[in-house]
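What follows is the content of run.tsv (TSV, C-alpha atoms).
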```tsv
chain	number	residue	atom	x	y	z
I	1	MET	CA	-94.29	-184.74	-30.25
I	2	THR	CA	-95.42	-182.35	-32.99
I	3	THR	CA	-93.21	-179.52	-34.26
I	4	ASP	CA	-95.59	-177.04	-32.57
I	5	ALA	CA	-95.27	-178.82	-29.23
I	6	TYR	CA	-91.51	-179.01	-29.63
I	7	VAL	CA	-91.18	-175.26	-30.27
I	8	ALA	CA	-93.49	-174.55	-27.31
I	9	THR	CA	-91.33	-176.75	-25.07
I	10	MET	CA	-88.14	-175.06	-26.19
I	11	THR	CA	-89.67	-171.62	-25.64
I	12	ARG	CA	-90.83	-172.56	-22.13
I	13	LEU	CA	-87.43	-173.95	-21.18
I	14	PHE	CA	-85.76	-170.81	-22.46
I	15	GLU	CA	-88.09	-168.55	-20.50
I	16	GLN	CA	-87.27	-170.60	-17.39
I	17	ARG	CA	-83.54	-170.06	-18.06
I	18	ARG	CA	-83.00	-173.82	-18.47
I	19	PHE	CA	-80.41	-173.16	-21.18
I	20	ARG	CA	-78.56	-176.47	-20.93
I	21	GLU	CA	-81.79	-178.38	-21.54
I	22	VAL	CA	-82.57	-176.13	-24.52
I	23	VAL	CA	-79.21	-176.93	-26.08
I	24	GLU	CA	-79.52	-180.64	-25.33
I	25	LEU	CA	-82.98	-180.80	-26.90
I	26	SER	CA	-81.86	-178.72	-29.87
I	27	TYR	CA	-80.30	-181.79	-31.45
I	28	THR	CA	-83.80	-183.15	-32.05
I	29	THR	CA	-84.34	-183.43	-35.80
I	30	GLU	CA	-87.38	-183.10	-38.00
I	31	ASP	CA	-87.15	-186.86	-38.59
I	32	ASP	CA	-87.38	-187.41	-34.83
I	33	LEU	CA	-90.54	-185.30	-34.76
I	34	GLY	CA	-91.99	-186.66	-37.97
I	35	GLY	CA	-92.80	-183.17	-39.26
I	36	THR	CA	-91.40	-180.13	-41.01
I	37	PHE	CA	-90.70	-176.79	-39.35
I	38	THR	CA	-92.28	-173.66	-40.80
I	39	LEU	CA	-90.11	-170.60	-41.47
I	40	MET	CA	-91.46	-168.89	-38.35
I	41	GLN	CA	-90.70	-171.95	-36.22
I	42	LEU	CA	-87.18	-172.05	-37.61
I	43	GLU	CA	-86.72	-168.37	-36.73
I	44	THR	CA	-87.95	-168.94	-33.18
I	45	LEU	CA	-85.79	-172.01	-32.66
I	46	ALA	CA	-82.71	-170.27	-34.02
I	47	ALA	CA	-83.12	-167.37	-31.57
I	48	CYS	CA	-83.94	-169.69	-28.66
I	49	VAL	CA	-80.95	-171.98	-29.19
I	50	THR	CA	-78.48	-169.24	-30.10
I	51	MET	CA	-79.28	-167.16	-27.01
I	52	SER	CA	-79.08	-170.29	-24.85
I	53	ILE	CA	-75.65	-171.15	-26.25
I	54	ASN	CA	-74.58	-167.55	-25.66
I	55	MET	CA	-75.72	-167.73	-22.02
I	56	LEU	CA	-73.80	-170.98	-21.47
I	57	ARG	CA	-70.72	-169.51	-23.16
I	58	LEU	CA	-70.87	-166.62	-20.69
I	59	ASP	CA	-70.63	-169.12	-17.84
I	60	GLU	CA	-67.63	-170.78	-19.51
I	61	ILE	CA	-65.88	-167.46	-20.10
I	62	GLU	CA	-66.54	-166.39	-16.52
I	63	ALA	CA	-65.11	-169.70	-15.23
I	64	GLU	CA	-62.03	-169.29	-17.46
I	65	GLN	CA	-61.52	-165.75	-16.21
I	66	ALA	CA	-61.88	-166.86	-12.59
I	67	ALA	CA	-59.38	-169.68	-13.14
I	68	GLY	CA	-56.97	-167.24	-14.78
I	69	ALA	CA	-57.29	-164.77	-11.92
I	70	GLU	CA	-56.70	-167.54	-9.36
I	71	ALA	CA	-53.59	-168.71	-11.24
I	72	SER	CA	-52.28	-165.12	-11.32
I	73	ARG	CA	-52.82	-164.79	-7.57
I	74	ARG	CA	-50.87	-167.99	-6.97
I	75	VAL	CA	-48.00	-166.81	-9.13
I	76	ALA	CA	-47.98	-163.41	-7.43
I	77	GLY	CA	-48.21	-165.02	-3.99
B	1	MET	CA	-82.13	-152.01	-53.65
B	2	SER	CA	-81.74	-148.42	-52.59
B	3	GLY	CA	-79.23	-146.02	-51.06
B	4	PRO	CA	-75.61	-147.09	-50.89
B	5	LEU	CA	-76.45	-150.72	-51.68
B	6	ALA	CA	-77.64	-149.66	-55.12
B	7	GLU	CA	-74.02	-148.84	-55.90
B	8	LEU	CA	-72.86	-152.44	-55.42
B	9	ARG	CA	-71.48	-154.08	-58.54
B	10	GLY	CA	-70.71	-157.57	-59.82
B	11	ASP	CA	-71.33	-160.70	-57.77
B	12	CYS	CA	-71.93	-158.77	-54.54
B	13	ARG	CA	-74.74	-156.88	-56.23
B	14	ALA	CA	-76.20	-160.09	-57.64
B	15	ILE	CA	-76.25	-161.79	-54.24
B	16	TRP	CA	-78.12	-158.86	-52.69
B	17	SER	CA	-80.48	-158.13	-55.55
B	18	ASP	CA	-81.16	-161.37	-57.39
B	19	ALA	CA	-83.08	-164.02	-55.42
B	20	ASP	CA	-82.04	-166.78	-57.84
B	21	VAL	CA	-78.33	-165.95	-57.54
B	22	ARG	CA	-78.69	-165.71	-53.77
B	23	ARG	CA	-80.40	-169.08	-53.61
B	24	ALA	CA	-77.74	-170.68	-55.82
B	25	ALA	CA	-74.99	-169.27	-53.58
B	26	PHE	CA	-76.60	-170.71	-50.44
B	27	GLU	CA	-77.28	-174.05	-52.16
B	28	GLU	CA	-73.63	-174.22	-53.16
B	29	LEU	CA	-72.72	-173.53	-49.52
B	30	VAL	CA	-74.89	-176.43	-48.37
B	31	HIS	CA	-73.32	-178.79	-50.93
B	32	ALA	CA	-69.81	-177.51	-50.20
B	33	ALA	CA	-70.31	-178.07	-46.46
B	34	ALA	CA	-70.43	-181.80	-47.12
B	35	MET	CA	-67.19	-181.63	-49.12
B	36	GLY	CA	-65.22	-179.25	-46.89
B	37	GLY	CA	-61.84	-177.90	-47.95
B	38	ASP	CA	-61.39	-175.19	-50.54
B	39	ARG	CA	-64.86	-175.54	-51.98
B	40	LEU	CA	-66.43	-174.73	-48.61
B	41	ALA	CA	-64.00	-171.87	-48.04
B	42	ARG	CA	-64.90	-170.38	-51.44
B	43	ALA	CA	-68.64	-170.73	-50.86
B	44	LEU	CA	-68.38	-169.06	-47.44
B	45	ALA	CA	-66.14	-166.30	-48.74
B	46	ARG	CA	-68.47	-165.48	-51.62
B	47	ILE	CA	-71.49	-164.81	-49.39
B	48	ASP	CA	-69.47	-163.28	-46.59
B	49	GLY	CA	-67.78	-160.94	-49.05
B	50	ALA	CA	-71.15	-159.67	-50.28
B	51	VAL	CA	-72.32	-159.02	-46.70
B	52	VAL	CA	-69.07	-157.30	-45.73
B	53	GLU	CA	-69.06	-155.07	-48.80
B	54	GLY	CA	-72.72	-154.18	-48.32
B	55	LEU	CA	-72.16	-153.20	-44.69
B	56	GLU	CA	-69.11	-151.13	-45.61
B	57	ARG	CA	-71.18	-149.23	-48.18
B	58	LEU	CA	-73.75	-148.58	-45.47
B	59	ALA	CA	-71.07	-147.26	-43.09
B	60	LEU	CA	-71.72	-150.19	-40.73
B	61	PRO	CA	-68.44	-152.07	-41.24
B	62	ARG	CA	-67.76	-155.37	-39.54
B	63	GLY	CA	-64.63	-155.49	-37.41
B	64	PRO	CA	-61.98	-158.18	-37.76
B	65	ILE	CA	-63.15	-161.74	-37.12
B	66	ARG	CA	-61.24	-165.00	-36.75
B	67	GLY	CA	-63.11	-166.58	-39.60
B	68	VAL	CA	-66.40	-168.17	-40.61
B	69	VAL	CA	-66.77	-171.79	-39.52
B	70	GLN	CA	-69.36	-174.54	-39.59
B	71	THR	CA	-70.96	-175.41	-36.25
B	72	ASN	CA	-72.44	-178.85	-35.62
B	73	ASN	CA	-75.53	-177.66	-33.76
B	74	PRO	CA	-78.42	-178.25	-36.15
B	75	ASN	CA	-80.54	-175.46	-34.68
B	76	VAL	CA	-78.09	-172.59	-35.04
B	77	LEU	CA	-78.39	-170.62	-38.25
B	78	GLY	CA	-75.65	-168.12	-37.47
B	79	ARG	CA	-73.82	-167.06	-34.32
B	80	LYS	CA	-71.00	-164.66	-33.43
B	81	ASP	CA	-68.94	-166.02	-30.54
B	82	PRO	CA	-67.17	-163.68	-28.09
B	83	SER	CA	-63.92	-165.22	-29.42
B	84	CYS	CA	-64.73	-163.40	-32.72
B	85	THR	CA	-65.49	-166.58	-34.64
B	86	PHE	CA	-68.58	-166.46	-36.84
B	87	GLU	CA	-70.46	-169.78	-36.88
B	88	ILE	CA	-72.97	-170.96	-39.46
B	89	ASN	CA	-74.75	-174.26	-39.93
B	90	SER	CA	-75.46	-175.65	-43.37
B	91	ILE	CA	-78.16	-178.04	-42.13
B	92	TYR	CA	-80.17	-175.13	-40.81
B	93	ILE	CA	-79.49	-173.10	-43.95
B	94	ALA	CA	-80.87	-176.00	-46.00
B	95	ARG	CA	-84.09	-175.90	-43.98
B	96	PHE	CA	-84.53	-172.19	-44.69
B	97	LEU	CA	-84.01	-172.79	-48.41
B	98	ARG	CA	-87.28	-174.75	-48.56
B	99	GLY	CA	-89.32	-171.52	-48.51
B	100	PRO	CA	-89.32	-168.71	-51.06
B	101	ARG	CA	-88.31	-166.07	-48.48
B	102	GLY	CA	-85.77	-168.30	-46.80
B	103	THR	CA	-82.77	-166.73	-48.53
B	104	ASP	CA	-83.90	-163.32	-47.21
B	105	SER	CA	-83.87	-164.75	-43.67
B	106	ILE	CA	-80.41	-166.23	-44.08
B	107	LEU	CA	-78.90	-163.03	-45.48
B	108	ARG	CA	-80.55	-160.96	-42.73
B	109	THR	CA	-79.12	-163.35	-40.13
B	110	TRP	CA	-75.66	-163.07	-41.69
B	111	VAL	CA	-75.97	-159.28	-41.42
B	112	HIS	CA	-77.27	-159.56	-37.83
B	113	GLU	CA	-74.27	-161.62	-36.73
B	114	SER	CA	-71.88	-159.33	-38.60
B	115	LEU	CA	-73.32	-156.34	-36.74
B	116	HIS	CA	-72.43	-158.07	-33.45
B	117	GLY	CA	-68.87	-158.10	-34.80
B	118	ARG	CA	-68.58	-154.32	-35.19
B	119	ARG	CA	-65.84	-154.09	-32.54
B	120	PRO	CA	-64.19	-156.38	-29.99
B	121	TYR	CA	-66.53	-157.07	-27.09
B	122	ALA	CA	-66.15	-154.60	-24.22
B	123	GLU	CA	-65.08	-155.61	-20.76
B	124	GLY	CA	-68.27	-156.31	-18.86
B	125	HIS	CA	-70.18	-157.72	-21.83
B	126	LEU	CA	-70.94	-160.83	-19.77
B	127	ALA	CA	-72.92	-158.83	-17.25
B	128	GLU	CA	-74.95	-156.93	-19.84
B	129	TYR	CA	-75.88	-159.98	-21.90
B	130	ARG	CA	-76.75	-162.11	-18.90
B	131	ARG	CA	-78.91	-159.39	-17.41
B	132	ALA	CA	-80.66	-158.21	-20.55
B	133	PRO	CA	-79.58	-159.69	-23.90
B	134	GLY	CA	-82.13	-157.56	-25.70
B	135	TYR	CA	-79.93	-154.47	-25.65
B	136	GLU	CA	-77.46	-156.17	-27.99
B	137	GLU	CA	-79.80	-158.55	-29.85
B	138	GLY	CA	-82.38	-155.83	-30.46
B	139	LEU	CA	-79.71	-153.49	-31.80
B	140	ALA	CA	-78.31	-156.12	-34.17
B	141	GLU	CA	-81.76	-157.27	-35.30
B	142	GLY	CA	-83.22	-153.77	-35.65
B	143	LEU	CA	-80.34	-152.67	-37.84
B	144	ALA	CA	-80.32	-155.96	-39.77
B	145	GLN	CA	-84.01	-155.47	-40.60
B	146	ILE	CA	-83.32	-151.94	-41.81
B	147	VAL	CA	-80.39	-153.12	-43.91
B	148	ALA	CA	-82.41	-156.00	-45.36
B	149	ARG	CA	-85.71	-154.20	-45.95
B	150	ARG	CA	-84.95	-150.52	-46.43
B	151	TYR	CA	-81.71	-150.85	-48.39
B	152	GLY	CA	-81.60	-154.45	-49.61
B	153	GLY	CA	-85.20	-154.67	-50.79
B	154	LEU	CA	-85.48	-158.07	-49.08
B	155	ASP	CA	-88.54	-159.38	-47.29
B	156	PRO	CA	-87.45	-161.61	-44.42
B	157	PRO	CA	-90.30	-162.64	-42.12
B	158	SER	CA	-90.29	-161.09	-38.66
B	159	GLY	CA	-89.26	-163.72	-36.22
B	160	ALA	CA	-86.13	-164.14	-34.20
B	161	TYR	CA	-85.42	-161.26	-31.83
B	162	ASP	CA	-88.31	-159.23	-33.20
B	163	TYR	CA	-89.54	-158.42	-29.69
B	164	TYR	CA	-86.26	-156.73	-28.86
B	165	ALA	CA	-86.16	-154.91	-32.22
B	166	ALA	CA	-89.70	-153.70	-31.53
B	167	VAL	CA	-88.60	-152.31	-28.15
B	168	TYR	CA	-86.19	-150.00	-29.97
B	169	ARG	CA	-88.74	-149.12	-32.67
B	170	SER	CA	-91.36	-148.19	-30.08
B	171	LEU	CA	-88.83	-146.22	-28.04
B	172	ALA	CA	-87.78	-144.18	-31.07
B	173	SER	CA	-91.34	-143.64	-32.21
B	174	SER	CA	-92.58	-142.55	-28.77
B	175	MET	CA	-89.84	-139.95	-28.49
B	176	ASP	CA	-89.89	-138.57	-32.06
B	177	ILE	CA	-86.56	-140.06	-33.06
B	178	GLU	CA	-85.90	-141.85	-36.34
B	179	ILE	CA	-85.19	-145.52	-35.60
B	180	GLU	CA	-82.19	-145.80	-37.92
B	181	GLN	CA	-80.64	-142.72	-36.30
B	182	LEU	CA	-81.07	-144.28	-32.84
B	183	LEU	CA	-79.66	-147.67	-33.82
B	184	ARG	CA	-76.70	-146.22	-35.71
B	185	ALA	CA	-75.83	-144.11	-32.67
B	186	LEU	CA	-75.96	-147.19	-30.42
B	187	TRP	CA	-73.99	-149.26	-32.94
B	188	ARG	CA	-70.95	-147.09	-32.17
B	189	SER	CA	-70.83	-148.72	-28.72
B	190	PRO	CA	-69.18	-152.12	-28.54
B	191	THR	CA	-71.08	-155.19	-27.40
B	192	GLY	CA	-71.38	-154.93	-23.64
B	193	ARG	CA	-71.71	-151.12	-23.56
B	194	VAL	CA	-75.08	-150.66	-25.26
B	195	ARG	CA	-77.05	-150.58	-22.02
B	196	HIS	CA	-74.77	-147.90	-20.62
B	197	ALA	CA	-75.02	-145.86	-23.84
B	198	LEU	CA	-78.79	-145.93	-24.30
B	199	PRO	CA	-79.92	-143.11	-21.93
B	200	LEU	CA	-77.11	-140.79	-23.09
B	201	VAL	CA	-77.81	-141.47	-26.76
B	202	MET	CA	-81.53	-140.87	-26.29
B	203	ASP	CA	-80.94	-137.62	-24.46
B	204	ASN	CA	-78.48	-136.39	-27.11
B	205	LEU	CA	-80.79	-137.26	-30.00
B	206	ARG	CA	-83.75	-135.56	-28.34
B	207	ARG	CA	-81.76	-132.42	-27.66
B	208	THR	CA	-80.57	-132.38	-31.26
B	209	GLY	CA	-84.24	-132.47	-32.23
B	210	GLY	CA	-84.97	-129.39	-30.13
B	211	TYR	CA	-86.36	-131.09	-27.03
B	212	PRO	CA	-85.21	-130.09	-23.52
B	213	PRO	CA	-82.63	-132.27	-21.74
B	214	MET	CA	-84.06	-135.26	-19.92
B	215	THR	CA	-83.93	-135.04	-16.13
B	216	GLY	CA	-81.93	-137.47	-14.04
B	217	ALA	CA	-85.16	-139.11	-12.91
B	218	GLN	CA	-86.30	-139.55	-16.51
B	219	LEU	CA	-82.97	-141.09	-17.51
B	220	ARG	CA	-83.09	-143.51	-14.59
B	221	MET	CA	-86.68	-144.47	-15.44
B	222	LEU	CA	-85.71	-144.98	-19.09
B	223	GLN	CA	-82.96	-147.38	-18.02
B	224	ALA	CA	-85.26	-149.23	-15.63
B	225	ARG	CA	-87.97	-149.68	-18.28
B	226	ALA	CA	-85.36	-150.78	-20.82
B	227	ASP	CA	-83.89	-153.32	-18.37
B	228	THR	CA	-87.34	-154.86	-18.03
B	229	MET	CA	-88.17	-154.91	-21.74
B	230	PHE	CA	-84.76	-156.20	-22.80
B	231	ASP	CA	-84.81	-158.96	-20.16
B	232	GLN	CA	-83.91	-162.47	-21.30
B	233	SER	CA	-87.37	-163.84	-20.43
B	234	ARG	CA	-89.02	-161.63	-23.08
B	235	GLY	CA	-86.83	-162.67	-25.98
B	236	LEU	CA	-89.32	-164.97	-27.66
B	237	LEU	CA	-92.53	-163.02	-27.02
B	238	VAL	CA	-94.64	-161.55	-29.82
B	239	PRO	CA	-94.30	-157.75	-29.58
B	240	ASN	CA	-97.17	-155.27	-29.17
B	241	GLU	CA	-95.63	-151.97	-30.20
B	242	LEU	CA	-98.60	-149.82	-29.17
B	243	THR	CA	-98.36	-151.10	-25.61
B	244	MET	CA	-94.61	-150.60	-25.68
B	245	GLU	CA	-95.03	-147.00	-26.81
B	246	MET	CA	-97.41	-146.34	-23.92
B	247	VAL	CA	-94.79	-147.68	-21.51
B	248	TRP	CA	-92.09	-145.45	-22.99
B	249	LYS	CA	-94.30	-142.35	-22.83
B	250	THR	CA	-94.57	-142.76	-19.05
B	251	VAL	CA	-90.84	-142.06	-18.88
B	252	LEU	CA	-91.33	-138.46	-20.02
B	253	ARG	CA	-94.19	-137.62	-17.67
```

Render the structure in this file as structure tokens.
Amino acid sequence: MTTDAYVATMTRLFEQRRFREVVELSYTTEDDLGGTFTLMQLETLAACVTMSINMLRLDEIEAEQAAGAEASRRVAG
Amino acid sequence: MSGPLAELRGDCRAIWSDADVRRAAFEELVHAAAMGGDRLARALARIDGAVVEGLERLALPRGPIRGVVQTNNPNVLGRKDPSCTFEINSIYIARFLRGPRGTDSILRTWVHESLHGRRPYAEGHLAEYRRAPGYEEGLAEGLAQIVARRYGGLDPPSGAYDYYAAVYRSLASSMDIEIEQLLRALWRSPTGRVRHALPLVMDNLRRTGGYPPMTGAQLRMLQARADTMFDQSRGLLVPNELTMEMVWKTVLR
């Protein structure tokens, strides 16, 4: 896969809200692709991966909050 | 450099104004990341100190953070976590250092993430970011571009989050408001409250400029248009600011 194709894939996955796949694929290196990213590609990838991580972190935080609320209910009950 | 950043002195000034010093500081960070320990802490503190002092001079101070740490994800340049930890990645920084404008990108990103850290995240920030991350990302990026270009004299390429920054630029332009004034007003809201603040801030700024108050229908339409343009799915699009301005002008009809 070329660097162009890789960035296009990452962008498409992000637009489809497939954040976990974006993060999993983000560990692909330039050596894996056999090419070098341009500055613009690096900028796009950084935004794509960072926003995906943020979205997944929101799920984690929400799950932690739900677990905390459930524990409080049990204690109160 | 111009404005308050021109008053910086010493190493902070050199990191902002001298591309060679800036590059050397980031190269040291990359080398130090492999060593860890005090050397890494010093390299991080040197750059972070310059960013923090610059933002304080610009009256955009960063709030307290838990610290700056290395993250192992190779495709994250910088990231502010809701836990108030600021993450950077030296592998990604090294990639940016290959180009002549790369140091401008890194410094702008450091500013962007620091702007997210202006205050503790508000309750409800999960809902706003999940629904429309562009409210927060566009605010941080729009201001970071102003800090970097207008005051820092840097020339980072437009790239990450530029669509969302362009949404704010086109909104300000279509309603005769200065973009920096709009973004500084929104910056006073913590992460998670920017969406709520936008219609009120716009109405206040317009009235200050001598325009009549916006009607309830106009404010609701402004919010609806903003929700669409700041949606997650648009984050990586290339912006067309003329089209955006036409969309915003329909709000006032």

Please build the interface table for chain I against chain B with a cut-off of 8 Å, listing for each qualifying residue the nearest atom pair and the distance in Å to one decimal; count only C-alpha atoms, order rows by chain and increasing number, and write it as CSV.
```
residue,atom,partner,partner_atom,distance
I:Thr11,CA,B:Leu236,CA,7.0
I:Phe14,CA,B:Ser233,CA,7.4
I:Glu15,CA,B:Ser233,CA,4.8
I:Gln16,CA,B:Ser233,CA,7.4
I:Arg17,CA,B:Ser233,CA,7.7
I:Ser26,CA,B:Asn75,CA,6.0
I:Tyr27,CA,B:Pro74,CA,6.2
I:Thr29,CA,B:Pro74,CA,7.9
I:Leu39,CA,B:Phe96,CA,6.6
I:Met40,CA,B:Gly159,CA,6.0
I:Leu42,CA,B:Phe96,CA,7.6
I:Glu43,CA,B:Ala160,CA,5.0
I:Thr44,CA,B:Ala160,CA,5.2
I:Leu45,CA,B:Asn75,CA,6.6
I:Ala46,CA,B:Val76,CA,5.3
I:Ala47,CA,B:Ala160,CA,5.1
I:Cys48,CA,B:Leu236,CA,7.2
I:Val49,CA,B:Asn75,CA,6.5
I:Thr50,CA,B:Val76,CA,6.0
I:Asn54,CA,B:Asp81,CA,7.6
I:Met55,CA,B:Arg130,CA,6.5
I:Leu58,CA,B:Leu126,CA,5.9
I:Glu62,CA,B:Leu126,CA,7.8
```

Would you compute the box with edges along x, y and z of the file around region 24-36 of chain I, including every atom the file lists for it and 3 Å extra on each side, and give its centre and edge lengths in Å to one decimal, as lines of an AutoDock Vina configuration file?
```
center_x = -86.2
center_y = -183.1
center_z = -33.2
size_x = 19.3
size_y = 14.7
size_z = 21.7
```

Quick one: residues within 9 Å of Asp203 (chain B), only C-alpha atoms, excluding same-chain residues fewer than 4 positions away - as a PyMOL selection string? chain B and resi 198-199+207-208+211-214+219

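Proximity ranking of B:Cys84, B:Ile15, B:Ala32, B:Leu183 relative to Asp104 (chain B) places B:Ile15 first, based on all atoms listed in the file.
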
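Nearest to Arg119 (chain B) of all the residues B:Met175, B:Leu139, B:Leu60, B:Val21 is B:Leu60, based on all atoms listed in the file.
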
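Picture a line from CA of Met51 (chain I) to CA of Asp231 (chain B); it runs 12.0 Å.
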
So which residues touch Trp187 (chain B) within 10 Å, counting all atoms listed in the file, skipping near sequence neighbours fewer than 4 positions away, as a PyMOL selection string? chain B and resi 60+115-116+118-119+136+139-140+143+181-183+191+193-194+197

For the residues selected in the previous step, produce a file with C-alpha atoms as an mmCIF file, keeping the file's coordinate frame.
```cif
data_model
loop_
_atom_site.group_PDB
_atom_site.id
_atom_site.type_symbol
_atom_site.label_atom_id
_atom_site.label_comp_id
_atom_site.auth_asym_id
_atom_site.auth_seq_id
_atom_site.Cartn_x
_atom_site.Cartn_y
_atom_site.Cartn_z
ATOM 1 C CA LEU B 60 -71.720 -150.190 -40.730
ATOM 2 C CA LEU B 115 -73.320 -156.340 -36.740
ATOM 3 C CA HIS B 116 -72.430 -158.070 -33.450
ATOM 4 C CA ARG B 118 -68.580 -154.320 -35.190
ATOM 5 C CA ARG B 119 -65.840 -154.090 -32.540
ATOM 6 C CA GLU B 136 -77.460 -156.170 -27.990
ATOM 7 C CA LEU B 139 -79.710 -153.490 -31.800
ATOM 8 C CA ALA B 140 -78.310 -156.120 -34.170
ATOM 9 C CA LEU B 143 -80.340 -152.670 -37.840
ATOM 10 C CA GLN B 181 -80.640 -142.720 -36.300
ATOM 11 C CA LEU B 182 -81.070 -144.280 -32.840
ATOM 12 C CA LEU B 183 -79.660 -147.670 -33.820
ATOM 13 C CA THR B 191 -71.080 -155.190 -27.400
ATOM 14 C CA ARG B 193 -71.710 -151.120 -23.560
ATOM 15 C CA VAL B 194 -75.080 -150.660 -25.260
ATOM 16 C CA ALA B 197 -75.020 -145.860 -23.840
#
```

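Take CA of Gly3 (chain B) and CA of Val201 (chain B): the distance between them is 24.8 Å.
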
Might you pull out every residue within 10 Å of Gly35 (chain I), with all atoms listed in the file counted and same-chain residues fewer than 3 positions away left off, and present them as a ChimeraX atom specification? /I:1-4,29-32,38
